[in-house]
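Novice: Got a structure here, written out as structure tokens. Questions coming.
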Amino acid sequence: MAENNVIVELKNIRKEFPGVVALNHVNMTLRAGRVHALVGENGAGKSTLMKILSGTYASYDGEISLDGKPVRFAHERDALEKGIAIVPQELNPIPEMTIAENIFLGREPLKRKGIINRKERSRLTKDCLATLGLDYDPETKMWELSVAQRQMVEILKAISRNSRVIILDEPTSALTGEETRQLFAQIELLKKKGIAMVFISHKLDEVYAIGDDVTVLRDGEMISTGLISDVTQDHLITMMVGREVKDIYPPLQAAGTEPLFAVEHFTSKGVFEDVSFEIHKGEIVGFAGMMGAGRSEIARAIFGLDRHNSGVITMGGKPLRIKSPRDAIRNGIAMVTEDRAAYGFVGVRSIKDNIVLPNSDLFSKHGILNVKTIKEKVTDICKKLSVKAASIETLAGTLSGGNQQKVVLSKWLVRNVKLLILDEPTRGIDVGAKQEIYRLIAELSASGIGVLMIASEMPEVLSMSHRVEVISDGHIIGELSRAEATQDKVMKMIVEGRKQNEE
Amino acid sequence: MKSNKKQISVASIYRKYGIFLILVLLFAASAIINSNFLKPQNLINILKQISVVTIIACGETMLIVSGMIDLSAGLVCTMSACFSAGVLASTGSITLTFVVGIGLGMSAGWLNGFLITRYKLQPFIATLAMTNIAEGITQIYTNGQAVSGVDKIRFLGQGNIIGIPMPVIVMLLAVAAIAYLMKSTTLGVHIYSIGGNEKATIASGINVNRSKRIIFTISGALVGLAGVVLMSRLMSGQPSVGAGYEFDAITAVIVGGTSFTGGIGTVTGALIGSIIVGLINNILNLLHVSTQYQLIVKGLLIAGAVIIDVKTKANKKSA
């Protein structure tokens, strides 16, 4: 019976790039009305496989069959026409255009040649939205929508093409918990319509929540494929990384007792209010909370990337005036931002130039750079953080996510930072590099640096903090010590939304 | 992976030396095509002809690499030429001539930078406005007439040191100075990173607005200097000469391998780009090809340079 609802079958797929085998002997079967989770570390070959299925890569070995017949897609349009659509991780809608314009871009309903039938387009869009029970106005501009809503529009675009296979590449990476639940509800609807989906995600709890089948890739090899109910989460992780990852988090030394940094009554109207907390020397304070709760916003304001309305920031008891990152850096505060590509580094410049950028005060005299010191210091720090690159002249943009993050950390660690703010320091980084970064954070705190750590993955923030501040709706709603902090407690606080630490 | 790396290096070698290879090939071809080409006087003339535009191109390189542009350079250069001519004619002071010429360029540059950083105008718009202002001021001052009486500055326009004309020496000094600035100073690091990723530069604690004003002011000083050199070459302040120099300068910068999307490029590249344009014009002249056709060649050259820019970047992305 199961054989009957097979839509797509990938058999023995092999893809080579010059000098490297990206995929080898990969099999995968997509069935109607089922979600097939595709998991693996970064660089395992997930994207490559999906690019083959969606027609981006036309040259590969092996066979793809659609409804039992072998097919070969020459380009993306080919795959689209045959009913295979991909919703990329980085959405790129045209923000100035409406939902209707975006969905029907390139295939607008026409009155006659060259003249668009706008009414018809609006109507079709409305119908399309209705299939998923959404009541957005088709003439809403894309920029007015939230990320989750844009995601839905992107999925609708695929549905409106009568796609039978929809590939979702990390669709939840930018969504809040609530939005993720909404998305999953829509996915359930799509399943009922008999659509086959590929679901790529790093978040294994989601994979278990929504997946029916699972395929694990590691270094281009297919490790396993089958029913998700047949594998435990631990086993899945072991298959992904090829080693046990129990001790991914290093032990933390006890935090210092000497006060280092504090904010009081910190407020940015409409974003966060009356935020007060302190960090001791050598202490790691974690911000736990849902995405959109204001965690990043508080951190960005401390670092001067965003403005704040009122409140006092003190370092070593001395009040600071922070209006720009420049002010923060001068006072020993550094920040690794959430969006690495936008704020973290300059992709078209070398590792060396990126590390020099915030440190020209250390590396120059009267505005003239000291080439020798730069080379020594940069080589040193790269070695210390084991940045893997051909040389310090390698362009930062060509490095892997983990190495890029190490370069961003290097930028700050060549100076005497007193407080390091880390906003999602391990996002988009594979497990190996994550481990190295955790170890580094532990070392830094042991050396007396204060750390403010923000992470969406609860185990990460709980394991890597001495103390956890629970943030919800722009307020600190409670504080938990390392010993008290469990996922259940944090979730309970967020759900109940009240202070629990005043008992 | 290995061969991918190779691809990157081919692209980067091209970016580094490709333009120089083209220059060498062009030079060889020109020498073969026309026997007059290799005469020292002809070669020196080429350099002399490109000197004013190349000095402007030094500033445009800094601007384009940092993701900006100056459309007013040509007419600000004209303004500097006319005013410095007037000052020289009335006071006879060479020092004052330079101070006024360069000072006017600097002021215009600073004002461009101010509009861009204080009011967040696009450099394109701000400098477009400045173009009109500079032209208006020049017309008011000169009444459309050439400003003469500047014999005292003959040494700059006509003189030479060991056979190398003064304008060429000034040009080479300007190139050397800006090359040093971009490579070896903190401002240089800021120029490249602002163009490469402005947000990340701000997040690295750089006062980007201040850097932009400084970049525009230095570029303006070069435009002013170009004005004085232009005046001394023409032995007068000509209100109708200089318009369009900004585009010649931008052409040299782009042909020289500077990326219009920012973060990549060198001033020595701009010098080579400028020489290539000068060389092509020269050989077409020697072959008696009319200027109309020369314009078409220049247009194709710009398009070709940008195609190469895009192609080398595409290589990098796929790697």
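Naming works like this for the structure tokens: A, B, ... for the chains as they're shown, residue 1 at the start of each chain, ligands 1 onward in shown order.
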Against chain B, which residues of chain A fall within 9 Å? For each one I want the closest pair of atoms and the distance in Å (one decimal), counting only C-alpha atoms, rows by chain and increasing residue number, as a tab-separated table.
Specialist:
residue	atom	partner	partner_atom	distance
A:Phe17	CA	B:Met1	CA	7.6
A:Pro18	CA	B:Ser3	CA	5.9
A:Gly19	CA	B:Met1	CA	5.4
A:Val20	CA	B:Met1	CA	5.7
A:Phe303	CA	B:Ala203	CA	8.6
A:Gly304	CA	B:Ala203	CA	8.5
A:Leu305	CA	B:Ala203	CA	6.8
A:Ser324	CA	B:Gly205	CA	7.3
A:Pro325	CA	B:Gly205	CA	4.8
A:Arg326	CA	B:Gly205	CA	3.7
A:Asp327	CA	B:Gly205	CA	7.4
A:Ala328	CA	B:Gly205	CA	7.9
A:Ile329	CA	B:Gly205	CA	6.4
A:Arg330	CA	B:Gly205	CA	8.4
A:Ala334	CA	B:Ser204	CA	8.7
A:Met335	CA	B:Ala203	CA	8.2
A:Thr337	CA	B:Ala203	CA	8.7
A:Arg340	CA	B:Ala200	CA	8.7
A:Ala341	CA	B:Ala200	CA	8.2
A:Ala342	CA	B:Ala200	CA	6.2
A:Tyr343	CA	B:Ala200	CA	3.9
A:Gly344	CA	B:Ala200	CA	5.4
A:Phe345	CA	B:Ala200	CA	5.6
A:Val346	CA	B:Asn197	CA	5.2
A:Gly347	CA	B:Gly196	CA	6.9
A:Val348	CA	B:Gly196	CA	5.9
A:Arg349	CA	B:Gly196	CA	7.1
A:Asp353	CA	B:Val189	CA	6.8
A:Asn354	CA	B:Ser193	CA	8.0
A:Val356	CA	B:Val189	CA	7.8
A:Leu357	CA	B:Val189	CA	6.5
A:Pro358	CA	B:Ser204	CA	4.8
A:Asn359	CA	B:Ser204	CA	8.5
A:Ser360	CA	B:Thr186	CA	6.0
A:Asp361	CA	B:Thr186	CA	8.6
A:Phe363	CA	B:Thr186	CA	8.7
A:Ser364	CA	B:Thr186	CA	7.1
A:His366	CA	B:Thr185	CA	8.8
A:Gly367	CA	B:Thr186	CA	5.3
A:Ile368	CA	B:Thr185	CA	4.3
A:Leu369	CA	B:Thr185	CA	5.1
A:Asn370	CA	B:Ser184	CA	8.0
A:Val371	CA	B:Ser184	CA	7.8
A:Thr398	CA	B:Lys316	CA	8.3
A:Lys411	CA	B:Ser204	CA	8.6
Novice: Write out as a list in words the set of residues from segment 73-116 of chain A that DSSP, computed on the backbone, places in strand (DSSP E).
Specialist: Ile84, Ala85, Ile86, Val87, Leu110, Lys111, Arg112, Ile115 and Ile116 of chain A
Novice: Taking N, CA and C atoms for each residue, export the selection above as a PDB file, in the first residue's frame.
Specialist:
ATOM      1  N   ILE A  84       7.422  20.580  -8.143  1.00  0.00           N
ATOM      2  CA  ILE A  84       8.321  20.559  -6.996  1.00  0.00           C
ATOM      3  C   ILE A  84       8.770  21.985  -6.696  1.00  0.00           C
ATOM      4  N   ALA A  85       8.428  22.491  -5.509  1.00  0.00           N
ATOM      5  CA  ALA A  85       8.747  23.877  -5.165  1.00  0.00           C
ATOM      6  C   ALA A  85       9.571  23.920  -3.896  1.00  0.00           C
ATOM      7  N   ILE A  86      10.437  24.907  -3.814  1.00  0.00           N
ATOM      8  CA  ILE A  86      11.270  25.051  -2.622  1.00  0.00           C
ATOM      9  C   ILE A  86      10.984  26.394  -1.967  1.00  0.00           C
ATOM     10  N   VAL A  87      10.869  26.378  -0.649  1.00  0.00           N
ATOM     11  CA  VAL A  87      10.742  27.630   0.108  1.00  0.00           C
ATOM     12  C   VAL A  87      12.094  27.840   0.779  1.00  0.00           C
ATOM     13  N   LEU A 110      -4.058  37.293 -17.023  1.00  0.00           N
ATOM     14  CA  LEU A 110      -4.100  38.387 -17.992  1.00  0.00           C
ATOM     15  C   LEU A 110      -5.508  38.614 -18.548  1.00  0.00           C
ATOM     16  N   LYS A 111      -5.787  39.881 -18.862  1.00  0.00           N
ATOM     17  CA  LYS A 111      -7.024  40.197 -19.593  1.00  0.00           C
ATOM     18  C   LYS A 111      -6.806  39.836 -21.051  1.00  0.00           C
ATOM     19  N   ARG A 112      -5.744  40.382 -21.581  1.00  0.00           N
ATOM     20  CA  ARG A 112      -5.255  39.932 -22.867  1.00  0.00           C
ATOM     21  C   ARG A 112      -3.747  40.151 -22.840  1.00  0.00           C
ATOM     22  N   ILE A 115      -1.650  42.707 -20.579  1.00  0.00           N
ATOM     23  CA  ILE A 115      -2.457  43.500 -19.656  1.00  0.00           C
ATOM     24  C   ILE A 115      -2.898  42.614 -18.490  1.00  0.00           C
ATOM     25  N   ILE A 116      -2.511  43.033 -17.269  1.00  0.00           N
ATOM     26  CA  ILE A 116      -2.793  42.205 -16.098  1.00  0.00           C
ATOM     27  C   ILE A 116      -4.233  42.377 -15.625  1.00  0.00           C
TER      28      ILE A 116
END
Novice: Within 9 Å of segment 444-452 of chain A, which residues of segment 252-296 of chain A show up? Give each one with its shortest atom-to-atom distance in Å (one decimal) and the two atoms involved, counting only C-alpha atoms, rows by chain then rising residue number, as JSON lines.
Specialist:
{"residue": "A:Leu252", "atom": "CA", "partner": "A:Ala446", "partner_atom": "CA", "distance": 7.7}
{"residue": "A:Gln253", "atom": "CA", "partner": "A:Ala446", "partner_atom": "CA", "distance": 6.0}
{"residue": "A:Ala254", "atom": "CA", "partner": "A:Ala446", "partner_atom": "CA", "distance": 8.0}
{"residue": "A:Ala255", "atom": "CA", "partner": "A:Ser445", "partner_atom": "CA", "distance": 7.7}
{"residue": "A:Gly256", "atom": "CA", "partner": "A:Gly448", "partner_atom": "CA", "distance": 7.3}
{"residue": "A:Leu260", "atom": "CA", "partner": "A:Gly450", "partner_atom": "CA", "distance": 7.3}
{"residue": "A:Phe261", "atom": "CA", "partner": "A:Gly450", "partner_atom": "CA", "distance": 7.9}
{"residue": "A:Ile279", "atom": "CA", "partner": "A:Gly450", "partner_atom": "CA", "distance": 6.3}
{"residue": "A:His280", "atom": "CA", "partner": "A:Gly450", "partner_atom": "CA", "distance": 6.2}
{"residue": "A:Lys281", "atom": "CA", "partner": "A:Gly450", "partner_atom": "CA", "distance": 5.1}
{"residue": "A:Gly282", "atom": "CA", "partner": "A:Gly448", "partner_atom": "CA", "distance": 3.8}
{"residue": "A:Glu283", "atom": "CA", "partner": "A:Gly450", "partner_atom": "CA", "distance": 5.1}
{"residue": "A:Ile284", "atom": "CA", "partner": "A:Val451", "partner_atom": "CA", "distance": 4.5}
{"residue": "A:Val285", "atom": "CA", "partner": "A:Leu452", "partner_atom": "CA", "distance": 5.0}
{"residue": "A:Gly286", "atom": "CA", "partner": "A:Leu452", "partner_atom": "CA", "distance": 5.9}
{"residue": "A:Phe287", "atom": "CA", "partner": "A:Leu452", "partner_atom": "CA", "distance": 7.4}
Novice: Enumerate the residues of segment 244-297 of chain B with a DSSP assignment of helix (DSSP H, G or I), computed from the backbone, and present them as an NGL selection string.
Specialist: :B and (245-255 or 267-286 or 291-297)
Novice: Next, write the just-selected residues to a file, as a short mmCIF file (atom, residue, chain, number, x, y, z; two decimals), in the first residue's frame, keeping N, CA and C atoms as the atom set.
Specialist:
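As a result, part-v6.cif now contains:
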data_model
loop_
_atom_site.label_atom_id
_atom_site.label_comp_id
_atom_site.auth_asym_id
_atom_site.auth_seq_id
_atom_site.Cartn_x
_atom_site.Cartn_y
_atom_site.Cartn_z
N TYR B 245 34.62 65.51 -16.36
CA TYR B 245 35.84 64.88 -15.83
C TYR B 245 35.50 63.82 -14.78
N GLU B 246 34.37 64.08 -14.04
CA GLU B 246 34.00 63.11 -13.00
C GLU B 246 33.72 61.75 -13.64
N PHE B 247 33.10 61.76 -14.83
CA PHE B 247 32.80 60.48 -15.47
C PHE B 247 34.06 59.83 -16.02
N ASP B 248 34.99 60.67 -16.55
CA ASP B 248 36.26 60.09 -16.99
C ASP B 248 36.99 59.45 -15.81
N ALA B 249 36.93 60.15 -14.67
CA ALA B 249 37.61 59.62 -13.48
C ALA B 249 36.94 58.32 -13.02
N ILE B 250 35.61 58.31 -12.99
CA ILE B 250 34.89 57.11 -12.56
C ILE B 250 35.18 55.96 -13.52
N THR B 251 35.26 56.28 -14.83
CA THR B 251 35.63 55.26 -15.82
C THR B 251 36.98 54.64 -15.48
N ALA B 252 37.95 55.50 -15.18
CA ALA B 252 39.29 55.00 -14.85
C ALA B 252 39.23 54.09 -13.62
N VAL B 253 38.45 54.50 -12.62
CA VAL B 253 38.34 53.72 -11.38
C VAL B 253 37.74 52.34 -11.66
N ILE B 254 36.67 52.33 -12.46
CA ILE B 254 35.97 51.06 -12.73
C ILE B 254 36.83 50.16 -13.62
N VAL B 255 37.40 50.74 -14.68
CA VAL B 255 38.28 49.94 -15.55
C VAL B 255 39.44 49.39 -14.73
N VAL B 267 43.90 52.37 -5.75
CA VAL B 267 44.15 53.59 -6.50
C VAL B 267 45.19 53.35 -7.60
N THR B 268 46.08 52.38 -7.39
CA THR B 268 47.01 52.06 -8.49
C THR B 268 46.22 51.45 -9.65
N GLY B 269 45.18 50.70 -9.32
CA GLY B 269 44.28 50.19 -10.36
C GLY B 269 43.68 51.34 -11.14
N ALA B 270 43.24 52.38 -10.42
CA ALA B 270 42.66 53.54 -11.09
C ALA B 270 43.67 54.21 -12.01
N LEU B 271 44.93 54.27 -11.57
CA LEU B 271 45.99 54.87 -12.41
C LEU B 271 46.12 54.05 -13.69
N ILE B 272 46.17 52.73 -13.54
CA ILE B 272 46.30 51.86 -14.72
C ILE B 272 45.06 52.01 -15.62
N GLY B 273 43.89 52.05 -14.99
CA GLY B 273 42.66 52.25 -15.75
C GLY B 273 42.72 53.54 -16.54
N SER B 274 43.21 54.57 -15.91
CA SER B 274 43.32 55.87 -16.56
C SER B 274 44.30 55.81 -17.73
N ILE B 275 45.43 55.12 -17.50
CA ILE B 275 46.41 54.98 -18.59
C ILE B 275 45.80 54.21 -19.76
N ILE B 276 45.05 53.15 -19.44
CA ILE B 276 44.43 52.36 -20.51
C ILE B 276 43.50 53.23 -21.35
N VAL B 277 42.67 54.02 -20.68
CA VAL B 277 41.77 54.90 -21.42
C VAL B 277 42.57 55.90 -22.26
N GLY B 278 43.62 56.48 -21.65
CA GLY B 278 44.47 57.45 -22.36
C GLY B 278 45.15 56.81 -23.56
N LEU B 279 45.63 55.59 -23.35
CA LEU B 279 46.33 54.87 -24.40
C LEU B 279 45.41 54.58 -25.59
N ILE B 280 44.20 54.13 -25.28
CA ILE B 280 43.27 53.81 -26.35
C ILE B 280 42.91 55.07 -27.13
N ASN B 281 42.64 56.16 -26.40
CA ASN B 281 42.37 57.42 -27.09
C ASN B 281 43.54 57.81 -27.99
N ASN B 282 44.76 57.64 -27.45
CA ASN B 282 45.95 58.04 -28.18
C ASN B 282 46.12 57.24 -29.46
N ILE B 283 45.98 55.91 -29.35
CA ILE B 283 46.21 55.09 -30.53
C ILE B 283 45.12 55.34 -31.57
N LEU B 284 43.89 55.60 -31.08
CA LEU B 284 42.81 55.90 -32.02
C LEU B 284 43.09 57.24 -32.72
N ASN B 285 43.66 58.18 -31.96
CA ASN B 285 44.05 59.46 -32.56
C ASN B 285 45.10 59.27 -33.64
N LEU B 286 46.13 58.46 -33.27
CA LEU B 286 47.22 58.22 -34.22
C LEU B 286 46.69 57.55 -35.48
N THR B 291 36.74 61.32 -32.84
CA THR B 291 36.40 61.26 -31.41
C THR B 291 35.05 60.59 -31.16
N GLN B 292 34.13 60.70 -32.12
CA GLN B 292 32.85 60.03 -31.94
C GLN B 292 33.05 58.54 -31.69
N TYR B 293 33.94 57.93 -32.49
CA TYR B 293 34.20 56.50 -32.33
C TYR B 293 34.95 56.21 -31.05
N GLN B 294 35.81 57.17 -30.66
CA GLN B 294 36.54 56.98 -29.41
C GLN B 294 35.58 56.86 -28.24
N LEU B 295 34.50 57.65 -28.28
CA LEU B 295 33.51 57.60 -27.21
C LEU B 295 32.88 56.21 -27.12
N ILE B 296 32.59 55.65 -28.29
CA ILE B 296 31.97 54.32 -28.30
C ILE B 296 32.91 53.29 -27.68
N VAL B 297 34.21 53.40 -28.05
CA VAL B 297 35.19 52.47 -27.49
C VAL B 297 35.22 52.60 -25.97
#
Novice: From the set A:Asn24, A:Ser456, A:Arg14, A:Ile99, which residue has the shortest atom-to-atom contact distance to Glu63 of chain A, counting only C-alpha atoms?
Specialist: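 Nearest candidate to Glu63 of chain A out of A:Asn24, A:Ser456, A:Arg14, A:Ile99: A:Arg14.
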Novice: Which residues are near segment 65-77 of chain B? Cut-off 7 Å, only C-alpha atoms, ignore same chain within fewer than 4 positions. Put them as a ChimeraX atom specification.
Specialist: /B:60-61,81,105,123-124,127-128,130-131,134-135,191-192,194-195,223-224,226-227,242-246,258-259,261-265
Novice: Neighbouring residues of Gly86 of chain B were defined as those with any atom within 9 Å, considering only C-alpha atoms; residues of the same chain fewer than 6 positions away were excluded. Please report them as a list in words.
Specialist: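 Listing them by chain and then by number gives Thr97, Thr142, Val147, Ser148, Gly149, Val150, Ser236 and Gly237 of chain B.
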Novice: May I have the residues within 12 Å of Ala29 of chain B as a PyMOL selection string, using only C-alpha atoms and disregarding those fewer than 4 positions away in the same chain?
Specialist: chain B and resi 22-25+33-35+37-38+279-280+283
Novice: Mind dumping the selected residues with C-alpha atoms as a short mmCIF file (atom, residue, chain, number, x, y, z; two decimals), in the first residue's frame?
Specialist:
data_model
loop_
_atom_site.label_atom_id
_atom_site.label_comp_id
_atom_site.auth_asym_id
_atom_site.auth_seq_id
_atom_site.Cartn_x
_atom_site.Cartn_y
_atom_site.Cartn_z
CA ILE B 22 45.65 44.21 -20.43
CA LEU B 23 47.74 47.37 -20.23
CA VAL B 24 50.86 45.50 -21.32
CA LEU B 25 49.01 43.84 -24.22
CA ILE B 33 50.17 49.19 -35.04
CA ASN B 34 51.78 52.60 -35.17
CA SER B 35 55.47 53.44 -35.16
CA PHE B 37 53.38 55.44 -30.59
CA LEU B 38 56.65 54.48 -28.92
CA LEU B 279 46.33 54.87 -24.40
CA ILE B 280 43.27 53.81 -26.35
CA ILE B 283 46.21 55.09 -30.53
#
Novice: Smallest atom-to-atom distance to Ala126 of chain B: which of B:Phe216, B:Thr138, B:Leu43, B:Ser90, using only C-alpha atoms?
Specialist: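 Once distances to Ala126 of chain B are computed over only C-alpha atoms, the minimum belongs to B:Phe216.
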Novice: Report, in Å to a single decimal, how far apart atom CA of Val306 of chain B and atom CA of Ser391 of chain A are.
Specialist: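 Computing the Euclidean distance for atom CA of Ser391 of chain A and atom CA of Val306 of chain B yields 28.5 Å.
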Novice: For Thr117 of chain B, which residue out of B:Asn209, B:Thr217, B:Asn36, B:Ser240 is the nearest one, using only C-alpha atoms?
Specialist: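 Of the candidates, the smallest distance to Thr117 of chain B is held by B:Asn209.
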Novice: Between B:Ala31, B:Ile50, B:Ile140, B:Ala85, which one has atoms that come closest to Val228 of chain B, using only C-alpha atoms?
Specialist: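 Closest residue, counting only C-alpha atoms: B:Ala85.
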Novice: So, counting only C-alpha atoms, which residue among A:Arg295, A:Arg161, A:Arg150, A:Lys126 is closest to Glu273 of chain A?
Specialist: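 For Glu273 of chain A, the nearest of the candidates is A:Arg295.
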Novice: Rounded to one decimal in Å, what is the spacing between atom CA of Ile429 of chain A and atom CA of Leu399 of chain A?
Specialist: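 Between these atoms lies a distance of 11.7 Å.
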Novice: Could you check how far atom CA of Leu168 of chain A sits from atom CA of Val214 of chain A, in Å to one decimal?
Specialist: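 Taking atom CA of Leu168 of chain A and atom CA of Val214 of chain A, their separation equals 13.9 Å.
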Novice: May I have the residues within 10 Å of Met171 of chain B as a ChimeraX atom specification, using only C-alpha atoms and disregarding those fewer than 6 positions away in the same chain?
Specialist: /B:47-48,50-56,58,177,222,225-226,229,271
Novice: Within 9 Å of segment 152-159 of chain A, counting only C-alpha atoms, which residues qualify if same-chain residues fewer than 3 places away don't, as an MDAnalysis selection string?
Specialist: chainID A and resid 80 83:88 91 93 99 102:104 125 128:129 132 142 147:149 162:166 168 183 186 190
Novice: Create the file for the chosen residues now, containing N, CA and C atoms and written as an mmCIF file, in the first residue's frame.
Specialist:
data_model
loop_
_atom_site.group_PDB
_atom_site.id
_atom_site.type_symbol
_atom_site.label_atom_id
_atom_site.label_comp_id
_atom_site.auth_asym_id
_atom_site.auth_seq_id
_atom_site.Cartn_x
_atom_site.Cartn_y
_atom_site.Cartn_z
ATOM 1 N N LEU A 80 9.692 23.219 -11.051
ATOM 2 C CA LEU A 80 8.470 23.914 -10.643
ATOM 3 C C LEU A 80 7.283 23.450 -11.464
ATOM 4 N N GLY A 83 5.879 20.342 -10.456
ATOM 5 C CA GLY A 83 5.218 20.315 -9.148
ATOM 6 C C GLY A 83 6.133 20.224 -7.948
ATOM 7 N N ILE A 84 7.422 20.580 -8.143
ATOM 8 C CA ILE A 84 8.321 20.559 -6.996
ATOM 9 C C ILE A 84 8.770 21.985 -6.696
ATOM 10 N N ALA A 85 8.428 22.491 -5.509
ATOM 11 C CA ALA A 85 8.747 23.877 -5.165
ATOM 12 C C ALA A 85 9.571 23.920 -3.896
ATOM 13 N N ILE A 86 10.437 24.907 -3.814
ATOM 14 C CA ILE A 86 11.270 25.051 -2.622
ATOM 15 C C ILE A 86 10.984 26.394 -1.967
ATOM 16 N N VAL A 87 10.869 26.378 -0.649
ATOM 17 C CA VAL A 87 10.742 27.630 0.108
ATOM 18 C C VAL A 87 12.094 27.840 0.779
ATOM 19 N N PRO A 88 12.893 28.755 0.233
ATOM 20 C CA PRO A 88 14.262 28.874 0.726
ATOM 21 C C PRO A 88 14.305 29.444 2.149
ATOM 22 N N LEU A 91 14.169 34.165 2.783
ATOM 23 C CA LEU A 91 13.067 34.547 1.909
ATOM 24 C C LEU A 91 13.469 35.803 1.159
ATOM 25 N N PRO A 93 11.140 38.087 -0.766
ATOM 26 C CA PRO A 93 9.987 38.701 -1.416
ATOM 27 C C PRO A 93 10.364 40.126 -1.813
ATOM 28 N N ILE A 99 0.909 41.080 -1.564
ATOM 29 C CA ILE A 99 0.881 39.616 -1.470
ATOM 30 C C ILE A 99 0.497 39.028 -2.829
ATOM 31 N N ASN A 102 3.252 39.276 -5.379
ATOM 32 C CA ASN A 102 4.341 38.347 -5.110
ATOM 33 C C ASN A 102 3.978 36.914 -5.479
ATOM 34 N N ILE A 103 2.776 36.516 -5.105
ATOM 35 C CA ILE A 103 2.384 35.124 -5.367
ATOM 36 C C ILE A 103 2.314 34.853 -6.866
ATOM 37 N N PHE A 104 1.818 35.837 -7.622
ATOM 38 C CA PHE A 104 1.643 35.599 -9.056
ATOM 39 C C PHE A 104 2.731 36.220 -9.915
ATOM 40 N N THR A 125 -5.805 35.139 -5.256
ATOM 41 C CA THR A 125 -4.983 35.179 -4.054
ATOM 42 C C THR A 125 -5.835 34.931 -2.823
ATOM 43 N N CYS A 128 -6.647 31.381 -2.536
ATOM 44 C CA CYS A 128 -5.444 30.677 -2.159
ATOM 45 C C CYS A 128 -5.199 30.820 -0.658
ATOM 46 N N LEU A 129 -5.331 32.038 -0.148
ATOM 47 C CA LEU A 129 -5.166 32.287 1.283
ATOM 48 C C LEU A 129 -6.198 31.497 2.078
ATOM 49 N N LEU A 132 -5.693 27.867 3.309
ATOM 50 C CA LEU A 132 -4.990 27.637 4.566
ATOM 51 C C LEU A 132 -5.660 28.403 5.706
ATOM 52 N N MET A 142 4.089 43.429 1.156
ATOM 53 C CA MET A 142 4.868 42.413 1.860
ATOM 54 C C MET A 142 5.576 42.960 3.100
ATOM 55 N N VAL A 147 7.684 38.100 9.660
ATOM 56 C CA VAL A 147 8.475 37.070 8.983
ATOM 57 C C VAL A 147 7.644 35.801 8.793
ATOM 58 N N ALA A 148 6.875 35.452 9.831
ATOM 59 C CA ALA A 148 6.072 34.235 9.754
ATOM 60 C C ALA A 148 5.031 34.348 8.650
ATOM 61 N N GLN A 149 4.422 35.525 8.543
ATOM 62 C CA GLN A 149 3.414 35.726 7.509
ATOM 63 C C GLN A 149 4.029 35.655 6.114
ATOM 64 N N ASN A 162 0.145 24.557 -7.700
ATOM 65 C CA ASN A 162 -0.251 23.155 -7.630
ATOM 66 C C ASN A 162 0.939 22.242 -7.384
ATOM 67 N N SER A 163 1.869 22.716 -6.578
ATOM 68 C CA SER A 163 3.025 21.879 -6.275
ATOM 69 C C SER A 163 2.591 20.685 -5.459
ATOM 70 N N ARG A 164 3.191 19.553 -5.731
ATOM 71 C CA ARG A 164 2.873 18.348 -4.969
ATOM 72 C C ARG A 164 3.964 18.026 -3.978
ATOM 73 N N VAL A 165 5.129 18.633 -4.216
ATOM 74 C CA VAL A 165 6.232 18.461 -3.281
ATOM 75 C C VAL A 165 6.709 19.845 -2.877
ATOM 76 N N ILE A 166 6.747 20.112 -1.590
ATOM 77 C CA ILE A 166 7.228 21.418 -1.117
ATOM 78 C C ILE A 166 8.402 21.181 -0.182
ATOM 79 N N LEU A 168 10.806 22.685 2.518
ATOM 80 C CA LEU A 168 10.887 23.777 3.482
ATOM 81 C C LEU A 168 12.281 23.774 4.095
ATOM 82 N N LEU A 183 2.610 27.595 11.919
ATOM 83 C CA LEU A 183 3.149 26.993 10.694
ATOM 84 C C LEU A 183 2.864 25.491 10.679
ATOM 85 N N GLN A 186 -0.537 24.674 9.666
ATOM 86 C CA GLN A 186 -0.710 24.764 8.215
ATOM 87 C C GLN A 186 -0.112 23.544 7.517
ATOM 88 N N LEU A 190 -1.719 20.900 4.861
ATOM 89 C CA LEU A 190 -1.116 20.507 3.581
ATOM 90 C C LEU A 190 -0.992 18.986 3.482
#
Novice: So, with only C-alpha atoms as the atoms that count, which of A:Ile494, A:Glu457, A:Val35, A:Met315 lies closest to Val417 of chain A?
Specialist: A:Met315
